[in-house]
Amino acid sequence: MRFYLSGLCGLLCYGCSQTPINVFTDAERVRIAEFQDRRLTDSLLSYLTPTHPYRGTAALAFASVQDTTASPALVALLLNDKEQQVQVNAAFALGQTGGMQAAEGLIRAEAIPDSYVRAVVLEALGKVISKKDLMWFSSLSIHDSLTEAGYAWGLYRVGVRGLADSLIANRAAMLLPPASSFDTRLAAAHFFNRTRRIEGTQWPQKVISLLQHEPSAEVRMPLTAALGKVDSAEAGVLLRNIMMSEPDERVRVNAMLAAGRLGLMDVIWKGLEDAALPVRIGASIIAINYVTDTARLQLTTNTQFHIRVKANLLAAAMKNSSTIAIDQTLQLYGKQNAYGKAQLLDALANAKHHLPRVTEFVFQELSDSTNANVVRSSAAQSLIALDASNPSRQQQIQATLSRYESAIAQGDAVIAGIIASALADSTLGYRDVIKDYSFLERAISKLSLPRDYESYVPLENALAFLQRRTPRNISNAFNHPIDWKLVKTIPS
């Protein structure tokens with residue numbers, strides 16, 4: 001994608017004879033955009049001929065339409081067209097579309113000598129290549145920095161898809177040294193951050209070694225996060241050094257992620273003392289799942305001033321059965337704005353002890369129509385979490401159901417959609433309890449499509465689950481046309 005963006009100016013000017021305020025003063029481009037917006041494959045295909053002046057624009061439109069019936073025409077443009085940007089657009093669209101024809105066409109295009117086109121082809125290949133071709137992909141010869149960067153992003157795409165093996169991982173590790181371009185190193189670093197650890201490779205040693213000499217913070221960030229997969233003394237030492245000497249707070253935030261994975265409590269506590277708020281927030285998020293020292297959590301909470309950090313630390317304490325944390329949360333609650341209240345409600349979702357008191361408080365906040373939407377939404381989510389974790393939930397299921405029905409009856413489409421997800425959860429057992437579905441039917445009848453689509457779907461799914469039937473297919477008709485009068489006023 002990085003290479004496609006670098007050619008964006010060429011893309012926009014392709015087929016233009018002048019430089020208007022933007023390309024959509026061209027009526028043909030408007031037509032292509034309309035076909036793209038309406039996903040009209042047949043109309044777009046008419047442009048994909050060898051001599052059509054707008055073939056490049058139409059090829060790019062298929063990157064969002066993603067219809068495999070266009071793949072043969074896109075492959076033909078990629079392999080045979082004389083215009084560089086047309087080839088680039090076709091390669092990008094094939095990578096977005098996927099399928100066997102796209103993969104086979106991109107493999108054939110790997111031999112294209114143009115470095116810019118080949119770079120886009122190699123990244124697109126990473127999105128679509130099958131496992132049987134990975135050995136070939138891992139052994140490609142690369143001779144220039146532009147192609148190498150595209151290849152690095154292709155390896156990254158293979159890793160994100162979960163297909164990387166030791167050959168792919170070892171090849172990605174070869175792209176990390178300082179001799180590689182920034183773009184290549186960035187892609188390789190993200191490969192190791194986003195890919196599962198693959199045994200039989202030497203990448204942990206390379207990451208540890210090269211991270212200490214990497215000049216770019218953007219590359220150090222994913223490399224630091226990747227240390228979370230390296231369970232070694234050297235990784236722990238390096239993470240501690242990063243917390244003491246790394247000047248970029250973004251890298252220190254990533255050190256929190258790695259420390260959480262490795263269970264390095266001292267690094268997390270260090271993060272909670274960091275001068276930068278993002279680092280403290282990152283450390284507090286990690287603390288929810290990893291820190292169990294409630295006494296120290298209590299002390300640290302009292303030293304924090306930002307409500308998000310406080311809320312996360314209180315959540316960690318409540319997860320470890322702290323009643324003091326519940327008291328603190330309720331005391332803080334009335335002093336906060338809507339967003340602070342929402343964060344404290346999120347924290348209360350972890351209060352698995354003293355449930356009746358907490359549940360009643362959360363339900364009252366959900367029921368208070370004067371509360372902001374963000375408060376009521378967080379209250380609904382917390383109510384469901386408390387329900388799911390309640391060890392006595394079967395004895396209290398009727399009372400909880402009554403609360404859910406009351407919340408849905410308020411007529412807020414967002415809240416109704418959230419609550420419906422609990423009713424459709426087979427592990428919570430509501431299908432065996434609910435005999436009258438009319439409250440859901442009334443809620444659905446009040447919705448309007450397409451406005452309430454995101455609430456309509458979970459409500460329909462819940463009703464279908466309770467009635468033991470297949471959910472109805474809900475599709476929106478084309479309803480939001482592009483405002484071309486406005487678009488044509490936007491400077492390029």
# chains A, B, ... in the order shown; residues from 1 in each chain; ligands from 1
$ residues_around --residues "stretch 466-478 of chain A" --least-positions-apart "2" --cutoff "10 Å" --atoms "only C-alpha atoms" --output "list in words"
Asp37, Arg38, Leu423, Ala424, Asp425, Ser426, Tyr430, Arg431, Asp432, Val433, Ile434, Lys435, Asp436, Tyr437, Leu449, Pro450, Arg451, Tyr453, Tyr456, Val457, Pro458, Leu459, Glu460, Asn461, Ala462, Leu463, Ala464, His480 and Pro481 of chain A
$ select_by_dssp --residues "stretch 168-227 of chain A" --states "alpha helix (DSSP H)" --output "count of residues only"
38
$ closest_residue --among "A:Lys488, A:Arg157, A:Arg39, A:Lys341" --to "A:Val65" --atoms "only C-alpha atoms"
A:Arg39
$ closest_residue --among "A:Ala351, A:Ala311, A:Ser421, A:Pro278" --to "A:Gln336" --atoms "only C-alpha atoms"
A:Ala311
$ residues_around --residues "A:Arg442" --least-positions-apart "2" --cutoff "12 Å" --atoms "only C-alpha atoms" --output "PyMOL selection string"
chain A and resi 405+408-411+413+416+436-440+444-447+456+459-460+463
$ write_last_selection --atoms "C-alpha atoms" --output "PDB file, in the first residue's frame"
ATOM      1  CA  GLU A 405     -36.033  -5.992  29.251  1.00  0.00           C
ATOM      2  CA  ILE A 408     -34.386  -2.399  25.869  1.00  0.00           C
ATOM      3  CA  ALA A 409     -37.792  -0.854  26.551  1.00  0.00           C
ATOM      4  CA  GLN A 410     -36.192   2.585  26.960  1.00  0.00           C
ATOM      5  CA  GLY A 411     -36.021   2.764  23.174  1.00  0.00           C
ATOM      6  CA  ALA A 413     -31.241   1.600  19.649  1.00  0.00           C
ATOM      7  CA  ALA A 416     -30.887  -2.428  22.708  1.00  0.00           C
ATOM      8  CA  ASP A 436     -42.335 -14.094  25.531  1.00  0.00           C
ATOM      9  CA  TYR A 437     -40.264 -12.428  22.781  1.00  0.00           C
ATOM     10  CA  SER A 438     -42.564  -9.462  22.283  1.00  0.00           C
ATOM     11  CA  PHE A 439     -40.175  -7.007  23.959  1.00  0.00           C
ATOM     12  CA  LEU A 440     -37.605  -7.745  21.233  1.00  0.00           C
ATOM     13  CA  ILE A 444     -37.126  -4.026  16.278  1.00  0.00           C
ATOM     14  CA  SER A 445     -40.350  -2.374  15.127  1.00  0.00           C
ATOM     15  CA  LYS A 446     -39.074   0.990  16.372  1.00  0.00           C
ATOM     16  CA  LEU A 447     -35.878   0.810  14.315  1.00  0.00           C
ATOM     17  CA  TYR A 456     -31.089  -4.136  13.934  1.00  0.00           C
ATOM     18  CA  LEU A 459     -31.661  -7.691  17.771  1.00  0.00           C
ATOM     19  CA  GLU A 460     -32.681  -9.885  14.833  1.00  0.00           C
ATOM     20  CA  LEU A 463     -34.756 -13.020  18.273  1.00  0.00           C
TER      21      LEU A 463
END
$ closest_residue --among "A:Gln304, A:Thr195, A:Thr489, A:Gln202" --to "A:Ala225" --atoms "only C-alpha atoms"
A:Thr195
$ closest_residue --among "A:Thr201, A:Ser378, A:Ser406, A:Asn22" --to "A:Ser492" --atoms "only C-alpha atoms"
A:Asn22
$ residues_around --residues "A:Ala259" --least-positions-apart "5" --cutoff "7 Å" --atoms "only C-alpha atoms" --output "JSON list (two decimals) with C-alpha atoms, in the first residue's frame"
[["chain", "number", "residue", "atom", "x", "y", "z"],
["A", 228, "GLY", "CA", 7.32, -10.02, 24.15],
["A", 264, "LEU", "CA", 8.05, -8.60, 33.94],
["A", 267, "VAL", "CA", 8.99, -3.10, 34.08],
["A", 268, "ILE", "CA", 5.23, -2.53, 34.39]]
$ closest_residue --among "A:Leu78, A:Ala58, A:Met318, A:Ala388" --to "A:Thr427" --atoms "only C-alpha atoms"
A:Ala388
$ closest_atom_pairs --of "stretch 185-212 of chain A" --to "stretch 238-243 of chain A" --cutoff "12 Å" --atoms "only C-alpha atoms" --output "JSON lines"
{"residue": "A:Gln205", "atom": "CA", "partner": "A:Leu238", "partner_atom": "CA", "distance": 11.9}
{"residue": "A:Val207", "atom": "CA", "partner": "A:Leu238", "partner_atom": "CA", "distance": 10.8}
{"residue": "A:Ile208", "atom": "CA", "partner": "A:Leu238", "partner_atom": "CA", "distance": 7.6}
{"residue": "A:Ser209", "atom": "CA", "partner": "A:Leu238", "partner_atom": "CA", "distance": 9.7}
{"residue": "A:Leu210", "atom": "CA", "partner": "A:Leu238", "partner_atom": "CA", "distance": 11.5}
{"residue": "A:Leu211", "atom": "CA", "partner": "A:Leu238", "partner_atom": "CA", "distance": 9.1}
{"residue": "A:Gln212", "atom": "CA", "partner": "A:Leu238", "partner_atom": "CA", "distance": 8.2}
$ write_last_selection --atoms "N, CA and C atoms" --output "compact mmCIF listing (two decimals), in the first residue's frame"
# COMPACT_ATOMS: atom_id res chain seq x y z
N GLN A 205 17.59 -13.43 18.38
CA GLN A 205 18.93 -12.87 18.59
C GLN A 205 19.15 -11.65 17.71
N VAL A 207 16.81 -9.59 16.52
CA VAL A 207 15.99 -8.48 17.02
C VAL A 207 16.67 -7.82 18.21
N ILE A 208 17.15 -8.62 19.16
CA ILE A 208 17.81 -8.08 20.35
C ILE A 208 19.04 -7.28 19.96
N SER A 209 19.83 -7.82 19.03
CA SER A 209 21.06 -7.16 18.63
C SER A 209 20.80 -5.87 17.86
N LEU A 210 19.91 -5.93 16.89
CA LEU A 210 19.71 -4.78 16.00
C LEU A 210 18.88 -3.68 16.64
N LEU A 211 17.99 -4.05 17.56
CA LEU A 211 17.17 -3.04 18.24
C LEU A 211 18.04 -2.03 18.97
N GLN A 212 19.14 -2.46 19.50
CA GLN A 212 20.01 -1.58 20.29
C GLN A 212 20.74 -0.55 19.43
$ residues_around --residues "A:Ala188" --least-positions-apart "5" --cutoff "7 Å" --atoms "only C-alpha atoms" --output "PyMOL selection string"
chain A and resi 152+156+172-173+175-176
$ atom_distance --atom1 "atom CA of A:Ser71" --atom2 "atom CA of A:Leu94"
6.6 Å
$ residues_around --residues "stretch 283-290 of chain A" --least-positions-apart "2" --cutoff "12 Å" --atoms "only C-alpha atoms" --output "MDAnalysis selection string"
chainID A and resid 243 252:274 276:281 292:294 296:297 300:301 304 306:320 343 346:351
$ decode --residues "stretch 366-389 of chain A" --atoms "N, CA, C and O atoms" --output "compact mmCIF listing (two decimals), in the first residue's frame"
# COMPACT_ATOMS: atom_id res chain seq x y z
N LEU A 366 -27.34 2.87 33.86
CA LEU A 366 -27.91 2.52 32.57
C LEU A 366 -29.33 3.05 32.43
O LEU A 366 -29.74 3.51 31.36
N SER A 367 -30.09 3.01 33.51
CA SER A 367 -31.51 3.40 33.48
C SER A 367 -31.72 4.90 33.49
O SER A 367 -32.80 5.38 33.13
N ASP A 368 -30.70 5.66 33.91
CA ASP A 368 -30.84 7.12 34.03
C ASP A 368 -30.76 7.76 32.65
O ASP A 368 -29.67 7.88 32.07
N SER A 369 -31.87 8.16 32.11
CA SER A 369 -31.92 8.71 30.75
C SER A 369 -31.20 10.05 30.63
O SER A 369 -30.96 10.52 29.51
N THR A 370 -30.86 10.68 31.75
CA THR A 370 -30.14 11.96 31.67
C THR A 370 -28.65 11.75 31.45
O THR A 370 -27.94 12.71 31.16
N ASN A 371 -28.19 10.53 31.62
CA ASN A 371 -26.77 10.25 31.41
C ASN A 371 -26.41 10.34 29.93
O ASN A 371 -27.23 10.05 29.05
N ALA A 372 -25.17 10.71 29.66
CA ALA A 372 -24.69 10.77 28.27
C ALA A 372 -24.67 9.37 27.66
O ALA A 372 -24.57 8.37 28.38
N ASN A 373 -24.73 9.32 26.33
CA ASN A 373 -24.72 8.02 25.64
C ASN A 373 -23.50 7.18 25.99
O ASN A 373 -23.60 5.96 26.13
N VAL A 374 -22.35 7.83 26.12
CA VAL A 374 -21.13 7.07 26.40
C VAL A 374 -21.21 6.42 27.78
O VAL A 374 -20.71 5.31 27.99
N VAL A 375 -21.88 7.07 28.72
CA VAL A 375 -22.04 6.50 30.07
C VAL A 375 -22.98 5.30 30.02
O VAL A 375 -22.69 4.23 30.56
N ARG A 376 -24.10 5.47 29.35
CA ARG A 376 -25.09 4.39 29.31
C ARG A 376 -24.57 3.19 28.52
O ARG A 376 -24.83 2.05 28.87
N SER A 377 -23.82 3.45 27.46
CA SER A 377 -23.24 2.34 26.69
C SER A 377 -22.25 1.55 27.53
O SER A 377 -22.25 0.31 27.52
N SER A 378 -21.39 2.24 28.27
CA SER A 378 -20.44 1.56 29.14
C SER A 378 -21.16 0.79 30.24
O SER A 378 -20.76 -0.32 30.62
N ALA A 379 -22.25 1.38 30.76
CA ALA A 379 -23.02 0.70 31.79
C ALA A 379 -23.62 -0.60 31.24
O ALA A 379 -23.63 -1.63 31.92
N ALA A 380 -24.13 -0.55 30.01
CA ALA A 380 -24.71 -1.76 29.40
C ALA A 380 -23.65 -2.84 29.23
O ALA A 380 -23.89 -4.02 29.54
N GLN A 381 -22.48 -2.46 28.75
CA GLN A 381 -21.40 -3.43 28.57
C GLN A 381 -20.97 -4.03 29.90
O GLN A 381 -20.74 -5.25 30.02
N SER A 382 -20.88 -3.20 30.93
CA SER A 382 -20.47 -3.68 32.25
C SER A 382 -21.53 -4.59 32.86
O SER A 382 -21.21 -5.59 33.51
N LEU A 383 -22.79 -4.26 32.65
CA LEU A 383 -23.87 -5.09 33.18
C LEU A 383 -23.79 -6.51 32.59
O LEU A 383 -23.95 -7.51 33.31
N ILE A 384 -23.51 -6.60 31.32
CA ILE A 384 -23.38 -7.90 30.66
C ILE A 384 -22.17 -8.66 31.21
O ILE A 384 -22.24 -9.87 31.48
N ALA A 385 -21.04 -7.95 31.39
CA ALA A 385 -19.84 -8.61 31.92
C ALA A 385 -20.07 -9.12 33.33
O ALA A 385 -19.63 -10.23 33.69
N LEU A 386 -20.75 -8.34 34.16
CA LEU A 386 -21.05 -8.77 35.53
C LEU A 386 -22.00 -9.96 35.53
O LEU A 386 -21.85 -10.89 36.35
N ASP A 387 -22.92 -9.96 34.61
CA ASP A 387 -23.85 -11.10 34.48
C ASP A 387 -23.07 -12.37 34.13
O ASP A 387 -23.26 -13.43 34.75
N ALA A 388 -22.18 -12.27 33.15
CA ALA A 388 -21.44 -13.45 32.70
C ALA A 388 -20.52 -14.02 33.77
O ALA A 388 -20.28 -15.23 33.81
N SER A 389 -20.01 -13.17 34.65
CA SER A 389 -19.05 -13.63 35.68
C SER A 389 -19.72 -13.97 37.01
O SER A 389 -19.04 -14.37 37.95
